[in-house]
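Raw target-v8.txt, compact mmCIF, C-alpha atoms:
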```
# COMPACT_ATOMS: atom_id res chain seq x y z
CA MET A 1 0.47 -23.83 34.15
CA THR A 2 -0.55 -24.77 30.61
CA THR A 3 -4.23 -24.55 31.57
CA LEU A 4 -3.74 -21.08 33.03
CA ASP A 5 -1.78 -19.92 29.99
CA SER A 6 -4.59 -20.98 27.68
CA GLY A 7 -7.39 -19.86 30.00
CA PHE A 8 -6.41 -16.23 30.45
CA PRO A 9 -6.41 -15.39 26.71
CA ARG A 10 -9.84 -17.02 26.30
CA LEU A 11 -11.17 -15.08 29.29
CA ARG A 12 -9.75 -11.83 27.89
CA GLN A 13 -11.36 -12.47 24.51
CA TRP A 14 -14.69 -13.26 26.13
CA LEU A 15 -14.62 -10.08 28.20
CA ARG A 16 -13.79 -8.02 25.09
CA ALA A 17 -16.73 -9.63 23.31
CA HIS A 18 -19.07 -8.90 26.29
CA PRO A 19 -18.11 -5.46 27.68
CA LEU A 20 -21.40 -5.01 29.52
CA ALA A 21 -20.78 -8.16 31.56
CA PHE A 22 -17.31 -6.89 32.50
CA ASP A 23 -18.70 -3.50 33.54
CA GLY A 24 -21.40 -5.20 35.61
CA ALA A 25 -18.80 -7.29 37.42
CA LEU A 26 -16.68 -4.19 37.95
CA ALA A 27 -19.63 -2.28 39.39
CA LEU A 28 -20.36 -5.14 41.76
CA GLY A 29 -16.73 -5.25 42.90
CA VAL A 30 -16.67 -1.48 43.48
CA LEU A 31 -19.91 -1.73 45.50
CA VAL A 32 -18.44 -4.47 47.69
CA CYS A 33 -15.31 -2.40 48.30
CA MET A 34 -17.32 0.71 49.19
CA ILE A 35 -19.59 -1.13 51.63
CA THR A 36 -16.65 -2.91 53.23
CA ALA A 37 -14.72 0.33 53.63
CA SER A 38 -17.76 2.08 55.10
CA PHE A 39 -17.41 -0.10 58.25
CA ALA A 40 -13.86 1.21 58.85
CA ASP A 41 -13.25 4.26 61.03
CA PRO A 42 -9.92 5.98 60.29
CA HIS A 43 -10.06 7.74 63.70
CA GLY A 44 -11.40 4.94 65.86
CA SER A 45 -8.55 4.89 68.36
CA ARG A 46 -5.12 6.20 69.02
CA ASN A 47 -3.56 3.09 67.54
CA GLY A 48 -4.97 3.80 64.03
CA PRO A 49 -8.02 2.90 61.99
CA THR A 50 -10.44 0.33 63.36
CA PHE A 51 -12.92 -1.92 61.57
CA GLY A 52 -16.49 -2.52 62.75
CA ASP A 53 -16.77 0.49 65.03
CA ARG A 54 -19.33 2.11 62.72
CA THR A 55 -22.03 1.03 60.32
CA PRO A 56 -23.32 2.95 57.25
CA ASP A 57 -26.85 4.26 57.38
CA ALA A 58 -29.51 3.56 54.77
CA ASP A 59 -28.91 6.81 52.89
CA SER A 60 -25.21 6.06 52.48
CA VAL A 61 -25.94 2.53 51.27
CA ALA A 62 -28.41 3.90 48.72
CA LEU A 63 -25.87 6.42 47.44
CA MET A 64 -23.21 3.71 47.18
CA VAL A 65 -25.59 1.48 45.21
CA LEU A 66 -26.46 4.35 42.86
CA GLY A 67 -22.79 5.25 42.30
CA ALA A 68 -21.84 1.63 41.59
CA ALA A 69 -24.85 1.01 39.33
CA ALA A 70 -23.95 4.00 37.17
CA LEU A 71 -20.61 2.35 36.32
CA VAL A 72 -22.42 -0.27 34.24
CA LEU A 73 -22.97 2.44 31.61
CA ARG A 74 -19.49 3.95 31.81
CA ARG A 75 -18.50 2.96 28.23
CA ARG A 76 -21.72 4.27 26.69
CA ASP A 77 -21.50 7.81 28.10
CA PRO A 78 -18.37 8.37 30.24
CA LEU A 79 -19.00 12.08 30.92
CA ALA A 80 -22.60 11.53 32.06
CA VAL A 81 -21.52 8.70 34.38
CA LEU A 82 -18.78 10.90 35.84
CA ALA A 83 -21.24 13.75 36.43
CA PHE A 84 -23.71 11.40 38.13
CA THR A 85 -21.15 9.70 40.40
CA GLY A 86 -19.64 13.08 41.23
CA ALA A 87 -23.05 14.44 42.23
CA VAL A 88 -23.77 11.36 44.40
CA THR A 89 -20.39 11.74 46.11
CA LEU A 90 -20.94 15.46 46.62
CA VAL A 91 -24.31 14.76 48.29
CA GLU A 92 -22.65 12.20 50.58
CA PHE A 93 -19.97 14.71 51.62
CA ILE A 94 -22.56 17.40 52.41
CA VAL A 95 -25.29 15.35 54.10
CA ASP A 96 -23.41 12.73 56.14
CA ASP A 97 -21.19 13.67 59.08
CA ARG A 98 -19.22 10.48 58.56
CA PRO A 99 -19.31 10.05 54.76
CA ALA A 100 -19.05 6.62 53.19
CA PRO A 101 -16.39 6.09 50.49
CA VAL A 102 -18.75 6.76 47.55
CA VAL A 103 -15.80 8.56 45.93
CA MET A 104 -14.53 5.14 44.75
CA SER A 105 -17.12 5.22 41.97
CA VAL A 106 -15.82 8.65 40.92
CA VAL A 107 -12.29 7.26 40.65
CA ILE A 108 -13.45 4.60 38.17
CA ALA A 109 -15.50 7.18 36.23
CA VAL A 110 -12.54 9.58 35.96
CA TYR A 111 -10.35 6.72 34.69
CA THR A 112 -12.96 5.85 32.05
CA VAL A 113 -13.22 9.45 30.81
CA ALA A 114 -9.45 9.70 30.53
CA ALA A 115 -9.16 6.36 28.71
CA ARG A 116 -11.96 7.00 26.20
CA THR A 117 -11.68 10.72 25.40
CA ASP A 118 -8.86 13.07 24.43
CA ARG A 119 -6.22 14.65 26.64
CA PRO A 120 -7.68 18.20 26.77
CA THR A 121 -11.01 16.81 27.94
CA THR A 122 -9.22 14.71 30.56
CA TRP A 123 -7.38 17.77 31.89
CA ARG A 124 -10.48 19.95 32.08
CA VAL A 125 -12.83 17.35 33.56
CA GLY A 126 -10.21 15.87 35.87
CA LEU A 127 -9.19 19.21 37.38
CA ILE A 128 -12.81 20.26 37.91
CA THR A 129 -13.65 16.94 39.55
CA MET A 130 -10.61 17.03 41.83
CA ALA A 131 -11.22 20.64 42.83
CA VAL A 132 -14.97 20.23 43.55
CA LEU A 133 -14.75 16.97 45.49
CA THR A 134 -11.63 17.91 47.44
CA GLY A 135 -13.15 21.29 48.33
CA ALA A 136 -16.40 19.64 49.47
CA ALA A 137 -14.47 17.15 51.63
CA MET A 138 -12.49 19.97 53.24
CA LEU A 139 -15.52 22.19 53.87
CA PHE A 140 -18.15 19.67 55.00
CA GLY A 141 -16.05 16.82 56.38
CA PRO A 142 -15.77 16.04 60.12
CA THR A 143 -11.98 16.35 60.03
CA PRO A 144 -9.73 19.39 59.56
CA TRP A 145 -9.22 20.53 55.98
CA TYR A 146 -5.64 19.22 55.94
CA ALA A 147 -6.61 15.68 56.98
CA GLN A 148 -5.20 12.83 54.95
CA GLU A 149 -8.69 11.68 53.93
CA ASN A 150 -9.26 14.98 52.11
CA LEU A 151 -5.87 14.84 50.40
CA GLY A 152 -6.60 11.21 49.49
CA VAL A 153 -9.64 12.33 47.44
CA PHE A 154 -7.38 14.67 45.47
CA ALA A 155 -4.66 12.03 45.02
CA TRP A 156 -6.92 9.15 43.96
CA THR A 157 -8.86 11.17 41.39
CA GLY A 158 -5.61 12.58 39.99
CA MET A 159 -4.00 9.13 39.72
CA ALA A 160 -7.13 7.78 38.01
CA ALA A 161 -6.93 10.52 35.38
CA ALA A 162 -3.20 9.86 34.83
CA ALA A 163 -3.71 6.10 34.55
CA GLY A 164 -6.58 6.50 32.07
CA ASP A 165 -4.55 8.90 29.93
CA ALA A 166 -1.62 6.46 29.90
CA VAL A 167 -3.90 3.62 28.80
CA ARG A 168 -5.41 5.77 26.05
CA SER A 169 -1.96 6.81 24.81
CA ARG A 170 -0.73 3.22 24.74
CA ARG A 171 -3.86 2.09 22.93
CA ALA A 172 -3.41 4.83 20.32
CA PHE A 173 0.27 3.88 19.94
CA VAL A 174 -0.59 0.21 19.40
CA ASP A 175 -3.31 1.14 16.89
CA ALA A 176 -0.87 3.36 15.00
CA ILE A 177 1.69 0.56 14.82
CA ARG A 178 -0.96 -1.89 13.64
CA GLU A 179 -2.22 0.54 11.00
CA ARG A 180 1.33 1.24 9.82
CA ALA A 181 1.99 -2.49 9.53
CA GLU A 182 -1.23 -3.06 7.58
CA ARG A 183 -0.43 -0.12 5.31
CA ALA A 184 3.06 -1.47 4.71
CA GLU A 185 1.59 -4.89 3.88
CA ARG A 186 -0.86 -3.33 1.44
CA THR A 187 1.96 -1.32 -0.13
CA ARG A 188 4.06 -4.46 -0.58
CA GLU A 189 1.14 -6.27 -2.18
CA GLU A 190 0.42 -3.34 -4.51
CA GLU A 191 4.09 -3.07 -5.43
CA ALA A 192 4.22 -6.80 -6.16
CA ARG A 193 1.11 -6.57 -8.35
CA ARG A 194 2.55 -3.55 -10.15
CA ARG A 195 5.82 -5.33 -10.85
CA VAL A 196 3.97 -8.40 -12.11
CA ALA A 197 1.86 -6.25 -14.42
CA GLU A 198 4.92 -4.42 -15.74
CA GLU A 199 6.71 -7.72 -16.36
CA ARG A 200 3.70 -9.12 -18.18
CA LEU A 201 3.55 -6.02 -20.39
CA ARG A 202 7.27 -6.26 -21.12
CA ILE A 203 7.01 -9.94 -22.07
CA ALA A 204 3.93 -9.22 -24.19
CA ARG A 205 5.76 -6.44 -26.04
CA ASP A 206 8.78 -8.63 -26.72
CA LEU A 207 6.67 -11.55 -27.93
CA HIS A 208 4.62 -9.26 -30.14
CA ASP A 209 7.70 -7.68 -31.70
CA VAL A 210 9.34 -11.04 -32.37
CA VAL A 211 6.26 -12.79 -33.72
CA ALA A 212 4.93 -9.87 -35.77
CA HIS A 213 8.28 -9.21 -37.42
CA HIS A 214 9.15 -12.76 -38.34
CA ILE A 215 5.63 -13.83 -39.33
CA ALA A 216 5.36 -10.80 -41.60
CA LEU A 217 8.63 -11.78 -43.30
CA VAL A 218 7.53 -15.40 -43.58
CA ASN A 219 4.24 -14.30 -45.11
CA VAL A 220 5.96 -12.11 -47.70
CA GLN A 221 8.60 -14.68 -48.67
CA ALA A 222 5.99 -17.45 -48.85
CA GLY A 223 3.92 -15.29 -51.20
CA VAL A 224 6.95 -14.66 -53.37
CA ALA A 225 7.76 -18.37 -53.49
CA ALA A 226 4.22 -19.27 -54.47
CA HIS A 227 4.19 -16.60 -57.17
CA VAL A 228 7.46 -17.64 -58.90
CA MET A 229 7.37 -21.36 -58.14
CA ASP A 230 6.54 -22.43 -61.71
CA LYS A 231 8.48 -19.86 -63.75
CA ARG A 232 11.57 -19.21 -61.62
CA PRO A 233 12.19 -22.12 -59.26
CA ASP A 234 15.63 -20.76 -58.26
CA GLN A 235 14.07 -17.56 -56.94
CA ALA A 236 11.35 -19.59 -55.22
CA LYS A 237 14.02 -21.72 -53.57
CA GLU A 238 15.78 -18.58 -52.37
CA ALA A 239 12.51 -17.22 -50.95
CA LEU A 240 11.86 -20.49 -49.14
CA GLY A 241 15.35 -20.26 -47.68
CA HIS A 242 14.47 -16.84 -46.27
CA VAL A 243 11.25 -18.33 -44.88
CA ARG A 244 13.22 -21.04 -43.17
CA ALA A 245 15.74 -18.56 -41.71
CA ALA A 246 13.00 -16.24 -40.45
CA SER A 247 11.03 -19.06 -38.86
CA ARG A 248 14.18 -20.48 -37.23
CA SER A 249 15.03 -17.04 -35.81
CA ALA A 250 11.48 -16.63 -34.48
CA LEU A 251 11.57 -20.06 -32.86
CA ASP A 252 14.94 -19.35 -31.24
CA GLU A 253 13.73 -16.08 -29.71
CA LEU A 254 10.45 -17.63 -28.55
CA ARG A 255 12.31 -20.57 -27.03
CA ALA A 256 14.62 -18.19 -25.14
CA THR A 257 11.69 -16.15 -23.80
CA VAL A 258 9.63 -19.16 -22.78
CA GLY A 259 12.71 -20.71 -21.17
CA LEU A 260 13.07 -17.68 -18.92
CA LEU A 261 9.40 -17.90 -17.94
CA ARG A 262 9.65 -21.58 -17.06
CA GLN A 263 12.55 -21.12 -14.62
CA SER A 264 11.31 -21.51 -11.03
CA GLY A 265 14.07 -19.45 -9.44
CA ASP A 266 15.88 -16.34 -10.55
CA PRO A 267 16.58 -16.57 -14.28
CA GLU A 268 20.16 -17.06 -15.31
CA ALA A 269 21.90 -14.41 -17.35
CA PRO A 270 21.40 -14.92 -21.10
CA THR A 271 24.37 -16.30 -22.98
CA GLU A 272 23.67 -14.06 -26.00
CA PRO A 273 23.42 -10.28 -25.94
CA ALA A 274 20.02 -8.68 -26.32
CA PRO A 275 19.34 -7.26 -29.79
CA GLY A 276 20.39 -3.67 -30.26
CA LEU A 277 21.67 -1.16 -32.78
CA THR A 278 24.87 -3.16 -33.20
CA VAL A 279 22.86 -5.73 -35.20
CA LEU A 280 20.73 -3.14 -36.99
CA ASP A 281 22.28 -3.99 -40.35
CA GLU A 282 21.21 -7.62 -39.99
CA LEU A 283 17.66 -6.51 -39.19
CA LEU A 284 17.52 -4.24 -42.25
CA ALA A 285 18.91 -7.05 -44.39
CA THR A 286 15.94 -9.26 -43.51
CA PHE A 287 13.54 -6.57 -44.74
CA ARG A 288 15.55 -6.01 -47.90
CA ASN A 289 15.41 -9.75 -48.59
CA ALA A 290 11.65 -9.54 -48.15
CA GLY A 291 11.47 -6.90 -50.92
CA LEU A 292 11.37 -3.70 -48.86
CA PRO A 293 14.06 -1.19 -49.89
CA VAL A 294 15.47 0.38 -46.74
CA GLU A 295 18.02 3.18 -46.46
CA LEU A 296 19.92 3.83 -43.23
CA ALA A 297 21.39 7.06 -41.90
CA CYS A 298 23.17 6.57 -38.59
CA ALA A 299 25.05 9.29 -36.72
CA THR A 300 25.56 7.89 -33.24
CA ASP A 301 27.95 5.69 -31.31
CA ASP A 302 25.55 2.97 -30.22
CA THR A 303 28.07 1.60 -27.70
CA ASP A 304 27.38 4.63 -25.48
CA LEU A 305 23.67 3.88 -25.13
CA PRO A 306 22.31 2.08 -22.06
CA ALA A 307 21.09 -1.45 -22.69
CA ALA A 308 17.41 -0.53 -22.17
CA VAL A 309 17.61 2.38 -24.63
CA ASP A 310 19.55 0.29 -27.15
CA LEU A 311 16.95 -2.51 -27.02
CA ALA A 312 14.03 -0.05 -27.25
CA ALA A 313 15.56 1.64 -30.31
CA TYR A 314 16.02 -1.74 -32.01
CA ARG A 315 12.44 -2.84 -31.24
CA ILE A 316 10.96 0.46 -32.41
CA ILE A 317 12.74 0.23 -35.77
CA GLN A 318 11.75 -3.43 -36.09
CA GLU A 319 8.06 -2.76 -35.39
CA ALA A 320 7.94 0.36 -37.57
CA LEU A 321 9.44 -1.47 -40.57
CA THR A 322 7.09 -4.40 -39.96
CA ASN A 323 4.16 -1.98 -40.16
CA VAL A 324 5.59 -0.53 -43.38
CA ARG A 325 5.81 -3.99 -44.92
CA LYS A 326 2.29 -4.88 -43.80
CA HIS A 327 0.42 -1.63 -44.47
CA ALA A 328 2.32 0.60 -46.92
CA GLY A 329 1.84 -1.47 -50.07
CA PRO A 330 4.25 -3.49 -52.24
CA ALA A 331 5.98 -0.48 -53.86
CA ALA A 332 6.84 1.32 -50.64
CA LYS A 333 10.34 2.39 -49.65
CA ALA A 334 11.57 3.11 -46.13
CA GLU A 335 14.21 5.33 -44.57
CA VAL A 336 15.69 4.79 -41.13
CA SER A 337 17.76 7.39 -39.27
CA VAL A 338 19.41 7.15 -35.87
CA ILE A 339 20.89 10.47 -34.71
CA ARG A 340 22.46 11.47 -31.41
CA VAL A 341 21.33 14.97 -30.35
CA GLY A 342 22.81 16.09 -27.04
CA ARG A 343 21.51 13.82 -24.30
CA THR A 344 18.92 12.20 -26.52
CA VAL A 345 18.87 9.85 -29.48
CA GLU A 346 16.28 10.29 -32.24
CA ILE A 347 14.98 7.30 -34.18
CA THR A 348 12.96 8.10 -37.30
CA VAL A 349 11.33 5.66 -39.71
CA LEU A 350 9.73 7.10 -42.90
CA ASP A 351 7.95 5.45 -45.78
CA ASP A 352 6.40 6.76 -49.02
CA GLY A 353 3.79 4.08 -49.51
CA VAL A 354 0.04 4.30 -49.90
CA PRO A 355 -1.48 2.89 -46.71
CA GLN A 356 -3.71 -0.11 -47.20
CA GLN A 357 -4.69 0.15 -43.55
CA THR A 358 -3.56 3.00 -41.33
CA PRO A 359 -1.82 1.67 -38.24
CA SER A 360 -3.60 2.82 -35.10
CA ASP A 361 -3.93 1.94 -31.48
CA ASP A 362 -7.65 1.47 -32.05
CA THR A 363 -7.48 -1.12 -34.85
CA GLY A 364 -6.92 -4.02 -32.48
CA GLY A 365 -3.15 -4.23 -33.04
CA HIS A 366 -0.55 -3.68 -30.38
CA GLY A 367 2.41 -2.40 -32.41
CA LEU A 368 2.14 1.33 -31.81
CA LEU A 369 0.83 0.72 -28.28
CA GLY A 370 3.89 -1.37 -27.47
CA MET A 371 6.20 1.29 -28.90
CA ARG A 372 4.52 3.99 -26.81
CA GLU A 373 4.87 1.88 -23.67
CA ARG A 374 8.57 1.29 -24.32
CA VAL A 375 9.22 4.97 -24.92
CA SER A 376 7.16 6.09 -21.90
CA ALA A 377 8.98 3.64 -19.62
CA LEU A 378 12.28 5.31 -20.57
CA GLY A 379 10.95 8.85 -20.24
CA GLY A 380 10.96 9.61 -23.98
CA THR A 381 8.37 10.71 -26.53
CA LEU A 382 6.90 9.00 -29.59
CA THR A 383 5.19 10.54 -32.62
CA ALA A 384 3.42 8.38 -35.20
CA ALA A 385 1.29 10.01 -37.89
CA PRO A 386 0.76 10.11 -41.68
CA ARG A 387 3.14 12.31 -43.66
CA TYR A 388 2.01 15.26 -45.73
CA GLY A 389 1.89 14.10 -49.32
CA GLY A 390 1.68 10.37 -48.49
CA GLY A 391 3.42 7.80 -46.40
CA PHE A 392 3.84 7.41 -42.65
CA ARG A 393 6.32 8.73 -40.11
CA VAL A 394 7.38 7.25 -36.77
CA GLN A 395 9.78 9.25 -34.59
CA ALA A 396 10.98 8.35 -31.12
CA ILE A 397 13.15 10.55 -28.91
CA LEU A 398 14.87 8.53 -26.17
CA PRO A 399 17.24 9.63 -23.41
CA ALA A 400 20.80 8.68 -24.18
CA THR A 401 21.45 8.08 -20.47
CA ALA A 402 19.62 5.67 -18.19
CA ARG A 403 16.99 7.10 -15.86
CA THR A 404 17.92 7.19 -12.19
CA GLY A 405 16.78 4.15 -10.27
CA GLU A 406 16.11 2.03 -13.35
CA ASP A 407 18.00 -0.98 -14.52
CA THR A 408 19.85 -0.71 -17.77
```
Encoded form using structure tokens:
Amino acid sequence: MTTLDSGFPRLRQWLRAHPLAFDGALALGVLVCMITASFADPHGSRNGPTFGDRTPDADSVALMVLGAAALVLRRRDPLAVLAFTGAVTLVEFIVDDRPAPVVMSVVIAVYTVAARTDRPTTWRVGLITMAVLTGAAMLFGPTPWYAQENLGVFAWTGMAAAAGDAVRSRRAFVDAIRERAERAERTREEEARRRVAEERLRIARDLHDVVAHHIALVNVQAGVAAHVMDKRPDQAKEALGHVRAASRSALDELRATVGLLRQSGDPEAPTEPAPGLTVLDELLATFRNAGLPVELACATDDTDLPAAVDLAAYRIIQEALTNVRKHAGPAAKAEVSVIRVGRTVEITVLDDGVPQQTPSDDTGGHGLLGMRERVSALGGTLTAAPRYGGGFRVQAILPATARTGEDT
């Protein structure tokens, strides 16, 4: 049983790989059946059909060989094979008083046309074939027109067309299921790649915001400490304390982010809340300690904002002030406003400095690019451009409610 179970699939695969060999074997089998049936006489006696009472003549054998040989090419040109076998059968019906069963080759040809073409073609060709051959059998046959042999021609050709159409429909159904499964698999893979790319961008934005902000503060405070080290050691000590606090904060945030990345399973919920507008005063204090005067105007209840919007607003203000400290010069001042307007919240960061280097997406930095990505992900808008009369302006308009289908 095991040998049979493993042998049939191998045989099926071999036949699919060698269709011409299968069609040759089929043609040989049809020829054997036609020659065998040609020795039977359905009206040999009163007791029913008899075998061996008649023998086919040479013309009938030649027509049977031609009809069977044409089946070898049935896959290459089904309609031509059907026309040829139909013509051979028609000649046999007209010429021979006791026709041989050449119609068997027509049955196989009709099945092939139905299995390898469309349904309208099957209907048209099948009906024409049934009508022509059945009519020829009734008109030129040795039996009355209502004999069962004549009706058998009609029935066998009709069943062949129906069987071929059923096979074609099942094959199309299986192909559609396979294509749908492959498309679903491709969609899952694309969705997985998209989610991975989005997560990488989110992590890159967070790391950039954390590192750029704290390193900028460390750089400023270290410069202050080096400048006043000899003349005012107390102020230098205070600046070094700010350096230490900023570096510790950067390390803590980096450690938390890297810890999430190193978890093999689903990450656990953080024990500390994500930064948001509730800790905006602490963020502004770090810039003031670094020597950047910052004024705040806030007219919103930040507790009503979704977590994603709250975090994006915090990161936008952090990155904008970092750019002010890096590019606007030492005498620059900044203004921050957070205003709730209907269903949106507007975040504006202004400075009056003289740019040492205009922030741009094309300068190699990722600050403004990261802000645009954050705002676009939430369905908001971002404007960043120099101000008339000097300075720079960053304005973000974010939805005050979470977008449908997105996590907050």
What's the 10 Å shell around Leu82 (chain A), counting all atoms listed in the file, without same-chain residues fewer than 2 positions away, as a PyMOL selection string? chain A and resi 67+70-71+74+77-80+84-88+105-113+125-126+129
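Take CA of Gly276 (chain A) and CA of Asp310 (chain A): the distance between them is 5.1 Å.
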Find the residues near Ala297 (chain A): any atom within 8 Å, counting all atoms listed in the file, skip ones fewer than 4 places away on the same chain, and give them as a list in words.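 Counting all atoms listed in the file, the residues come to Glu335, Val336, Ser337, Val338 and Ile339 of chain A.
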Quick one: pull the distance between CA of Ala166 (chain A) and CA of Leu28 (chain A), Å, one decimal.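 Here the two named atoms are 25.0 Å from each other.
Look at Phe22 (chain A): the protein and nucleic acid residues within 12 Å of it, using only C-alpha atoms and passing over chain neighbours fewer than 4 places away, are Leu11, Arg12, Gln13, Trp14, Leu15, Arg16, Ala17, His18, Leu26, Ala27, Leu28, Gly29, Leu71, Val72, Leu73, Arg74 and Arg75 of chain A.
Across A:Arg372, A:Arg393, A:Arg315, A:Lys326, the tightest approach to Pro275 (chain A) is made by A:Arg315 when counting only C-alpha atoms.
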Coordinates-based distance that separates CA of Pro330 (chain A) from CA of Leu350 (chain A) (Å, one decimal): 15.1 Å
Met64 (chain A) environment, 9 Å, all atoms listed in the file, sequence neighbours closer than 2 positions dropped, as a ChimeraX atom specification: /A:31,34-35,59-62,66-69,88-89,100-103,105
Might I get the box with edges along x, y and z of the file that holds all atoms of region 184-188 of chain A listed there, padded by 4 Å on every side, given as centre and edge lengths in Å to one decimal, as AutoDock Vina command-line options?
```
--center_x 1.6 --center_y -3.1 --center_z 2.1 --size_x 12.9 --size_y 11.6 --size_z 13.3
```
Measuring between all atoms listed in the file, which one of A:Leu305, A:Ile316, A:Arg188, A:Ala222 shows the shortest distance to Ala290 (chain A)? A:Ala222
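Closest approach to Ala136 (chain A) among A:Ile94, A:Ile177, A:Ala385, A:Ala162: A:Ile94, based on only C-alpha atoms.
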